[in-house]
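Data file: model-v4.pdb. Format and content: PDB, C-alpha atoms, pLDDT in the B column.
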ATOM      1  CA  THR A   1       0.000   0.000   0.000  1.00 73.00           C
ATOM      2  CA  THR A   2       1.153   3.517  -0.734  1.00 81.00           C
ATOM      3  CA  GLY A   3      -0.303   6.515   1.062  1.00 79.00           C
ATOM      4  CA  PRO A   4      -2.485   7.926   2.202  1.00 87.00           C
ATOM      5  CA  THR A   5      -0.906  11.017   0.740  1.00 90.00           C
ATOM      6  CA  LEU A   6      -2.373  14.501   0.635  1.00 91.00           C
ATOM      7  CA  ALA A   7      -3.425  15.008  -2.979  1.00 93.00           C
ATOM      8  CA  SER A   8      -5.221  18.353  -2.833  1.00 95.00           C
ATOM      9  CA  GLY A   9      -6.997  20.865  -0.633  1.00 94.00           C
ATOM     10  CA  ASP A  10      -4.231  22.723   1.237  1.00 94.00           C
ATOM     11  CA  LEU A  11      -4.996  25.924  -0.641  1.00 95.00           C
ATOM     12  CA  ASN A  12      -2.251  28.016   0.985  1.00 94.00           C
ATOM     13  CA  SER A  13       0.265  25.141   1.416  1.00 93.00           C
ATOM     14  CA  ASN A  14       0.689  25.759   5.150  1.00 93.00           C
ATOM     15  CA  ASN A  15      -0.056  22.162   6.249  1.00 90.00           C
ATOM     16  CA  ILE A  16      -2.920  23.383   8.445  1.00 88.00           C
ATOM     17  CA  LEU A  17      -6.464  22.256   7.680  1.00 90.00           C
ATOM     18  CA  GLU A  18      -8.356  25.530   7.750  1.00 90.00           C
ATOM     19  CA  VAL A  19     -12.117  26.020   8.070  1.00 89.00           C
ATOM     20  CA  SER A  20     -12.488  26.803   4.368  1.00 90.00           C
ATOM     21  CA  GLU A  21     -10.424  23.809   3.182  1.00 91.00           C
ATOM     22  CA  THR A  22     -11.334  20.231   2.326  1.00 91.00           C
ATOM     23  CA  TRP A  23      -8.340  17.955   1.984  1.00 91.00           C
ATOM     24  CA  THR A  24      -8.297  14.915  -0.268  1.00 91.00           C
ATOM     25  CA  TYR A  25      -5.915  12.044   0.341  1.00 90.00           C
ATOM     26  CA  THR A  26      -5.116   9.186  -2.020  1.00 90.00           C
ATOM     27  CA  ALA A  27      -3.730   5.718  -1.455  1.00 89.00           C
ATOM     28  CA  THR A  28      -2.982   2.805  -3.736  1.00 88.00           C
ATOM     29  CA  TYR A  29      -3.166  -0.908  -3.086  1.00 87.00           C
ATOM     30  CA  VAL A  30      -2.227  -3.447  -5.752  1.00 89.00           C
ATOM     31  CA  LEU A  31      -4.322  -6.592  -5.489  1.00 88.00           C
ATOM     32  CA  THR A  32      -2.434  -9.870  -5.328  1.00 91.00           C
ATOM     33  CA  GLN A  33      -3.702 -13.065  -6.924  1.00 93.00           C
ATOM     34  CA  ALA A  34      -4.440 -14.333  -3.396  1.00 92.00           C
ATOM     35  CA  ASP A  35      -6.648 -11.250  -2.847  1.00 89.00           C
ATOM     36  CA  VAL A  36      -8.546 -11.916  -6.073  1.00 90.00           C
ATOM     37  CA  ASP A  37      -8.952 -15.632  -5.307  1.00 91.00           C
ATOM     38  CA  ALA A  38     -10.248 -14.904  -1.786  1.00 89.00           C
ATOM     39  CA  ALA A  39     -12.593 -12.094  -2.812  1.00 87.00           C
ATOM     40  CA  ALA A  40     -13.853 -13.188  -6.239  1.00 85.00           C
ATOM     41  CA  GLY A  41     -17.615 -13.461  -6.265  1.00 80.00           C
ATOM     42  CA  VAL A  42     -17.930 -12.202  -2.678  1.00 83.00           C
ATOM     43  CA  THR A  43     -20.020  -9.060  -2.230  1.00 80.00           C
ATOM     44  CA  ASN A  44     -17.702  -6.362  -0.918  1.00 80.00           C
ATOM     45  CA  GLY A  45     -14.909  -8.943  -0.984  1.00 83.00           C
ATOM     46  CA  VAL A  46     -12.158  -6.346  -0.744  1.00 85.00           C
ATOM     47  CA  SER A  47     -12.501  -3.575   1.809  1.00 84.00           C
ATOM     48  CA  ASN A  48     -10.339  -0.877   3.286  1.00 83.00           C
ATOM     49  CA  SER A  49     -11.088   1.362   6.262  1.00 80.00           C
ATOM     50  CA  VAL A  50      -9.407   4.632   7.149  1.00 81.00           C
ATOM     51  CA  THR A  51      -9.672   6.829  10.214  1.00 80.00           C
ATOM     52  CA  ALA A  52      -9.086  10.581  10.440  1.00 80.00           C
ATOM     53  CA  THR A  53      -7.224  11.954  13.464  1.00 81.00           C
ATOM     54  CA  ALA A  54      -5.988  15.472  14.174  1.00 84.00           C
ATOM     55  CA  ASN A  55      -4.900  17.999  16.802  1.00 87.00           C
ATOM     56  CA  ASP A  56      -6.272  21.476  17.343  1.00 86.00           C
ATOM     57  CA  PRO A  57      -3.980  24.565  17.409  1.00 86.00           C
ATOM     58  CA  GLN A  58      -3.120  23.842  21.073  1.00 90.00           C
ATOM     59  CA  SER A  59      -2.033  20.254  20.172  1.00 90.00           C
ATOM     60  CA  VAL A  60      -5.118  18.747  21.815  1.00 91.00           C
ATOM     61  CA  ALA A  61      -6.481  15.673  20.075  1.00 88.00           C
ATOM     62  CA  VAL A  62      -9.659  16.371  18.133  1.00 84.00           C
ATOM     63  CA  VAL A  63     -12.424  13.936  18.999  1.00 74.00           C
ATOM     64  CA  PRO A  64     -14.148  13.054  15.728  1.00 72.00           C
ATOM     65  CA  THR A  65     -17.903  13.023  15.588  1.00 72.00           C
ATOM     66  CA  PRO A  66     -19.342   9.506  15.999  1.00 67.00           C
ATOM     67  CA  GLY A  67     -19.387   7.705  12.684  1.00 62.00           C
ATOM     68  CA  GLY A  68     -17.678  10.599  10.964  1.00 62.00           C
ATOM     69  CA  SER A  69     -14.082   9.603  11.546  1.00 63.00           C
ATOM     70  CA  THR A  70     -13.969   6.248   9.766  1.00 71.00           C
ATOM     71  CA  LEU A  71     -14.684   5.508   6.141  1.00 75.00           C
ATOM     72  CA  THR A  72     -14.770   2.076   4.545  1.00 79.00           C
ATOM     73  CA  ALA A  73     -14.460   1.533   0.813  1.00 81.00           C
ATOM     74  CA  THR A  74     -15.503  -1.823  -0.631  1.00 84.00           C
ATOM     75  CA  THR A  75     -15.125  -3.540  -3.985  1.00 84.00           C
ATOM     76  CA  THR A  76     -16.664  -6.702  -5.374  1.00 85.00           C
ATOM     77  CA  ILE A  77     -14.496  -8.703  -7.782  1.00 87.00           C
ATOM     78  CA  THR A  78     -16.294 -10.756 -10.398  1.00 89.00           C
ATOM     79  CA  SER A  79     -15.112 -14.363 -10.506  1.00 90.00           C
ATOM     80  CA  SER A  80     -14.471 -15.451 -14.092  1.00 93.00           C
ATOM     81  CA  PRO A  81     -12.972 -18.949 -14.084  1.00 95.00           C
ATOM     82  CA  ALA A  82     -12.125 -20.259 -17.564  1.00 97.00           C
ATOM     83  CA  LEU A  83      -9.967 -22.969 -19.131  1.00 97.00           C
ATOM     84  CA  THR A  84      -8.982 -23.717 -22.705  1.00 98.00           C
ATOM     85  CA  ILE A  85      -7.563 -26.972 -24.001  1.00 97.00           C
ATOM     86  CA  ALA A  86      -5.681 -27.618 -27.222  1.00 97.00           C
ATOM     87  CA  LYS A  87      -4.997 -31.180 -28.352  1.00 94.00           C
ATOM     88  CA  THR A  88      -2.292 -32.215 -30.796  1.00 92.00           C
ATOM     89  CA  ALA A  89      -1.190 -35.627 -32.029  1.00 90.00           C
ATOM     90  CA  THR A  90       2.038 -36.858 -33.572  1.00 88.00           C
ATOM     91  CA  VAL A  91       3.211 -40.186 -34.976  1.00 86.00           C
ATOM     92  CA  GLY A  92       6.975 -40.622 -35.069  1.00 73.00           C
ATOM     93  CA  GLY A  93       7.408 -36.899 -34.440  1.00 68.00           C
ATOM     94  CA  ASN A  94       5.183 -35.945 -37.402  1.00 71.00           C
ATOM     95  CA  PRO A  95       1.944 -34.059 -36.712  1.00 71.00           C
ATOM     96  CA  VAL A  96      -1.272 -35.716 -37.747  1.00 70.00           C
ATOM     97  CA  GLY A  97      -4.711 -34.246 -38.153  1.00 66.00           C
ATOM     98  CA  LEU A  98      -7.618 -35.095 -35.885  1.00 56.00           C
ATOM     99  CA  PRO A  99      -9.273 -37.253 -37.022  1.00 59.00           C
ATOM    100  CA  ILE A 100      -6.121 -39.085 -38.047  1.00 57.00           C
ATOM    101  CA  THR A 101      -5.921 -39.368 -41.830  1.00 57.00           C
ATOM    102  CA  THR A 102      -2.286 -40.389 -42.350  1.00 60.00           C
ATOM    103  CA  ALA A 103      -1.363 -43.917 -43.366  1.00 75.00           C
ATOM    104  CA  LEU A 104      -0.990 -45.712 -40.057  1.00 80.00           C
ATOM    105  CA  VAL A 105       0.145 -49.252 -39.492  1.00 86.00           C
ATOM    106  CA  ALA A 106      -0.412 -51.559 -36.542  1.00 90.00           C
ATOM    107  CA  ASP A 107       1.885 -50.779 -33.601  1.00 91.00           C
ATOM    108  CA  ASP A 108       2.388 -47.123 -34.599  1.00 90.00           C
ATOM    109  CA  VAL A 109       2.351 -45.018 -31.443  1.00 92.00           C
ATOM    110  CA  ILE A 110       0.269 -41.854 -31.468  1.00 91.00           C
ATOM    111  CA  ASN A 111       1.565 -39.276 -28.976  1.00 93.00           C
ATOM    112  CA  TYR A 112      -1.102 -36.895 -27.705  1.00 94.00           C
ATOM    113  CA  SER A 113      -0.400 -33.550 -26.071  1.00 96.00           C
ATOM    114  CA  TYR A 114      -3.116 -31.577 -24.266  1.00 97.00           C
ATOM    115  CA  LEU A 115      -2.257 -27.947 -23.487  1.00 98.00           C
ATOM    116  CA  VAL A 116      -4.514 -26.601 -20.720  1.00 98.00           C
ATOM    117  CA  THR A 117      -4.483 -22.835 -20.079  1.00 98.00           C
ATOM    118  CA  ASN A 118      -6.225 -20.861 -17.337  1.00 98.00           C
ATOM    119  CA  THR A 119      -7.802 -17.975 -19.267  1.00 98.00           C
ATOM    120  CA  GLY A 120      -9.825 -16.709 -16.300  1.00 96.00           C
ATOM    121  CA  ASN A 121      -9.042 -14.318 -13.454  1.00 95.00           C
ATOM    122  CA  VAL A 122      -8.968 -16.783 -10.528  1.00 95.00           C
ATOM    123  CA  THR A 123      -6.726 -19.712  -9.623  1.00 96.00           C
ATOM    124  CA  ILE A 124      -8.297 -23.013 -10.683  1.00 96.00           C
ATOM    125  CA  SER A 125      -7.621 -26.296  -8.899  1.00 96.00           C
ATOM    126  CA  GLY A 126      -8.670 -29.912  -9.353  1.00 97.00           C
ATOM    127  CA  ILE A 127      -7.781 -29.867 -13.050  1.00 97.00           C
ATOM    128  CA  SER A 128      -7.830 -33.180 -14.883  1.00 96.00           C
ATOM    129  CA  VAL A 129      -8.027 -34.146 -18.531  1.00 97.00           C
ATOM    130  CA  SER A 130      -9.849 -37.151 -19.974  1.00 94.00           C
ATOM    131  CA  GLU A 131     -10.825 -38.353 -23.409  1.00 91.00           C
ATOM    132  CA  THR A 132     -14.578 -37.956 -23.908  1.00 90.00           C
ATOM    133  CA  ALA A 133     -14.969 -39.343 -27.415  1.00 89.00           C
ATOM    134  CA  PHE A 134     -12.583 -42.058 -28.592  1.00 90.00           C
ATOM    135  CA  THR A 135     -13.155 -44.443 -31.508  1.00 88.00           C
ATOM    136  CA  GLY A 136     -10.060 -46.637 -31.257  1.00 88.00           C
ATOM    137  CA  THR A 137     -10.519 -50.377 -30.804  1.00 90.00           C
ATOM    138  CA  SER A 138      -8.407 -50.498 -27.652  1.00 90.00           C
ATOM    139  CA  THR A 139      -8.517 -48.540 -24.383  1.00 91.00           C
ATOM    140  CA  ALA A 140      -8.675 -44.753 -24.765  1.00 93.00           C
ATOM    141  CA  PRO A 141      -5.489 -42.846 -23.966  1.00 95.00           C
ATOM    142  CA  THR A 142      -5.267 -41.599 -20.380  1.00 95.00           C
ATOM    143  CA  PRO A 143      -3.821 -38.074 -20.207  1.00 97.00           C
ATOM    144  CA  ALA A 144      -1.384 -37.607 -17.312  1.00 97.00           C
ATOM    145  CA  GLY A 145       1.488 -35.503 -16.063  1.00 97.00           C
ATOM    146  CA  GLY A 146      -0.016 -32.028 -15.961  1.00 96.00           C
ATOM    147  CA  LEU A 147      -0.469 -29.699 -13.023  1.00 97.00           C
ATOM    148  CA  THR A 148      -3.778 -29.794 -11.163  1.00 97.00           C
ATOM    149  CA  THR A 149      -3.753 -26.110 -10.108  1.00 97.00           C
ATOM    150  CA  LEU A 150      -3.204 -23.123 -12.412  1.00 98.00           C
ATOM    151  CA  ALA A 151      -2.989 -19.408 -11.699  1.00 97.00           C
ATOM    152  CA  PRO A 152      -4.535 -17.060 -14.290  1.00 97.00           C
ATOM    153  CA  GLY A 153      -2.498 -17.072 -17.502  1.00 97.00           C
ATOM    154  CA  ALA A 154      -0.610 -20.245 -16.571  1.00 98.00           C
ATOM    155  CA  SER A 155      -0.547 -23.392 -18.710  1.00 98.00           C
ATOM    156  CA  THR A 156       0.252 -27.038 -18.220  1.00 98.00           C
ATOM    157  CA  THR A 157       0.649 -29.959 -20.593  1.00 98.00           C
ATOM    158  CA  TYR A 158      -0.784 -33.420 -20.156  1.00 98.00           C
ATOM    159  CA  THR A 159       0.397 -36.253 -22.415  1.00 97.00           C
ATOM    160  CA  ALA A 160      -0.853 -39.669 -23.451  1.00 96.00           C
ATOM    161  CA  THR A 161      -0.043 -42.356 -25.999  1.00 95.00           C
ATOM    162  CA  TYR A 162      -2.070 -44.822 -27.974  1.00 94.00           C
ATOM    163  CA  THR A 163      -0.711 -47.827 -29.841  1.00 93.00           C
ATOM    164  CA  VAL A 164      -2.539 -48.431 -33.100  1.00 91.00           C
ATOM    165  CA  THR A 165      -4.094 -51.909 -33.419  1.00 92.00           C
ATOM    166  CA  GLN A 166      -4.823 -53.900 -36.538  1.00 93.00           C
ATOM    167  CA  GLY A 167      -8.509 -53.389 -35.682  1.00 92.00           C
ATOM    168  CA  ASP A 168      -7.975 -49.624 -35.949  1.00 87.00           C
ATOM    169  CA  ILE A 169      -6.383 -50.058 -39.392  1.00 85.00           C
ATOM    170  CA  ASP A 170      -9.231 -52.298 -40.575  1.00 87.00           C
ATOM    171  CA  ALA A 171     -11.822 -49.759 -39.292  1.00 84.00           C
ATOM    172  CA  LEU A 172     -10.183 -47.004 -41.372  1.00 73.00           C
ATOM    173  CA  GLN A 173     -10.588 -48.987 -44.611  1.00 66.00           C
TER
END

Output the file's structure in the form of structure tokens.
Amino acid sequence: TTGPTLASGDLNSNNILEVSETWTYTATYVLTQADVDAAAGVTNGVSNSVTATANDPQSVAVVPTPGGSTLTATTTITSSPALTIAKTATVGGNPVGLPITTALVADDVINYSYLVTNTGNVTISGISVSETAFTGTSTAPTPAGGLTTLAPGASTTYTATYTVTQGDIDALQ
């Protein structure tokens, strides 16, 4: 946090709040990702309170009027969780289209890569990747190896392999 710093109002620059003056102070706080994660979707999830204190010309503390000496500012942060996934496949280091249209033979190994990116504004946890539509004749590939928690803007890669069967080749005919 920076401030509070007097921004305006001391009309004669004497550092004394005079009857005709209204002073404005400013302060800055930069939200951390932990702040956003904790406050996202919570009404008034981020708040800040300030209190005014002063002394009169005889250095006696001024007793603020009840309720008039503290001000609280609140902000609600909208939670926008979002993930994207991009899937690529290669055989022997060569990219193949999905669906696979290259000339495959039995025992070729298809290497799958699944790039998961957090495109939202909050940290996402419990991430997993699974095949939802697979037409191979053997067990669907099981993606593994990626992170299960991603901060906004972060990415992780899951990988899986599938060994082509003769049944797969016959089904492509």

- Take the PyMOL selection byres ((chain A and resi 83) around 12), apply it to the structure above, and return the hits as number ranges by chain. A: 80-82, 84-86, 115-125, 127-129, 149-156

- Extract, using all atoms listed in the file, all DNA, RNA and protein residues at most 10 Å from Asp35 in chain A, discarding same-chain residues fewer than 2 positions from it, and format them as a ChimeraX atom specification. /A:30-33,37-40,45-46,77,122

- Message: As a check of understanding, name the residues that the PyMOL selection byres ((chain A and resi 29) around 9) selects in the supplied structure, as a PyMOL selection string.
- Response: chain A and resi 1-3+27-28+30-31

- Check which residues satisfy the PyMOL selection byres ((chain A and resi 54-58) around 12) in the file shown, then give them as a PyMOL selection string. chain A and resi 15-19+51-53+59-64+69

- Query: Closest to Thr163 in chain A among A:Thr90, A:Thr148, A:Thr132, A:Ser13, using all atoms listed in the file?
  - Reply: A:Thr90

- Task: Quick one: residues within 8 Å of (-8.6, 21.0, 1.0) (file frame), counting only C-alpha atoms, please, as a ChimeraX atom specification.
- Result: /A:8-11,17,20-24

- Item | Selected residue, from A:Thr65, A:Thr26, A:Thr70, A:Thr139, that lies nearest to Ser49 in chain A when counting all atoms listed in the file |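 Result for the nearest residue to Ser49 in chain A: A:Thr70.
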
- When you draw a straight line from CA of Ala144 in chain A to CA of Ala160 in chain A, how long is it in Å?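 Taking CA of Ala144 in chain A as the start and CA of Ala160 in chain A as the end point, the length is 6.5 Å.
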
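Relative to CA of Pro4 in chain A, CA of Ala34 in chain A is found at 23.0 Å.
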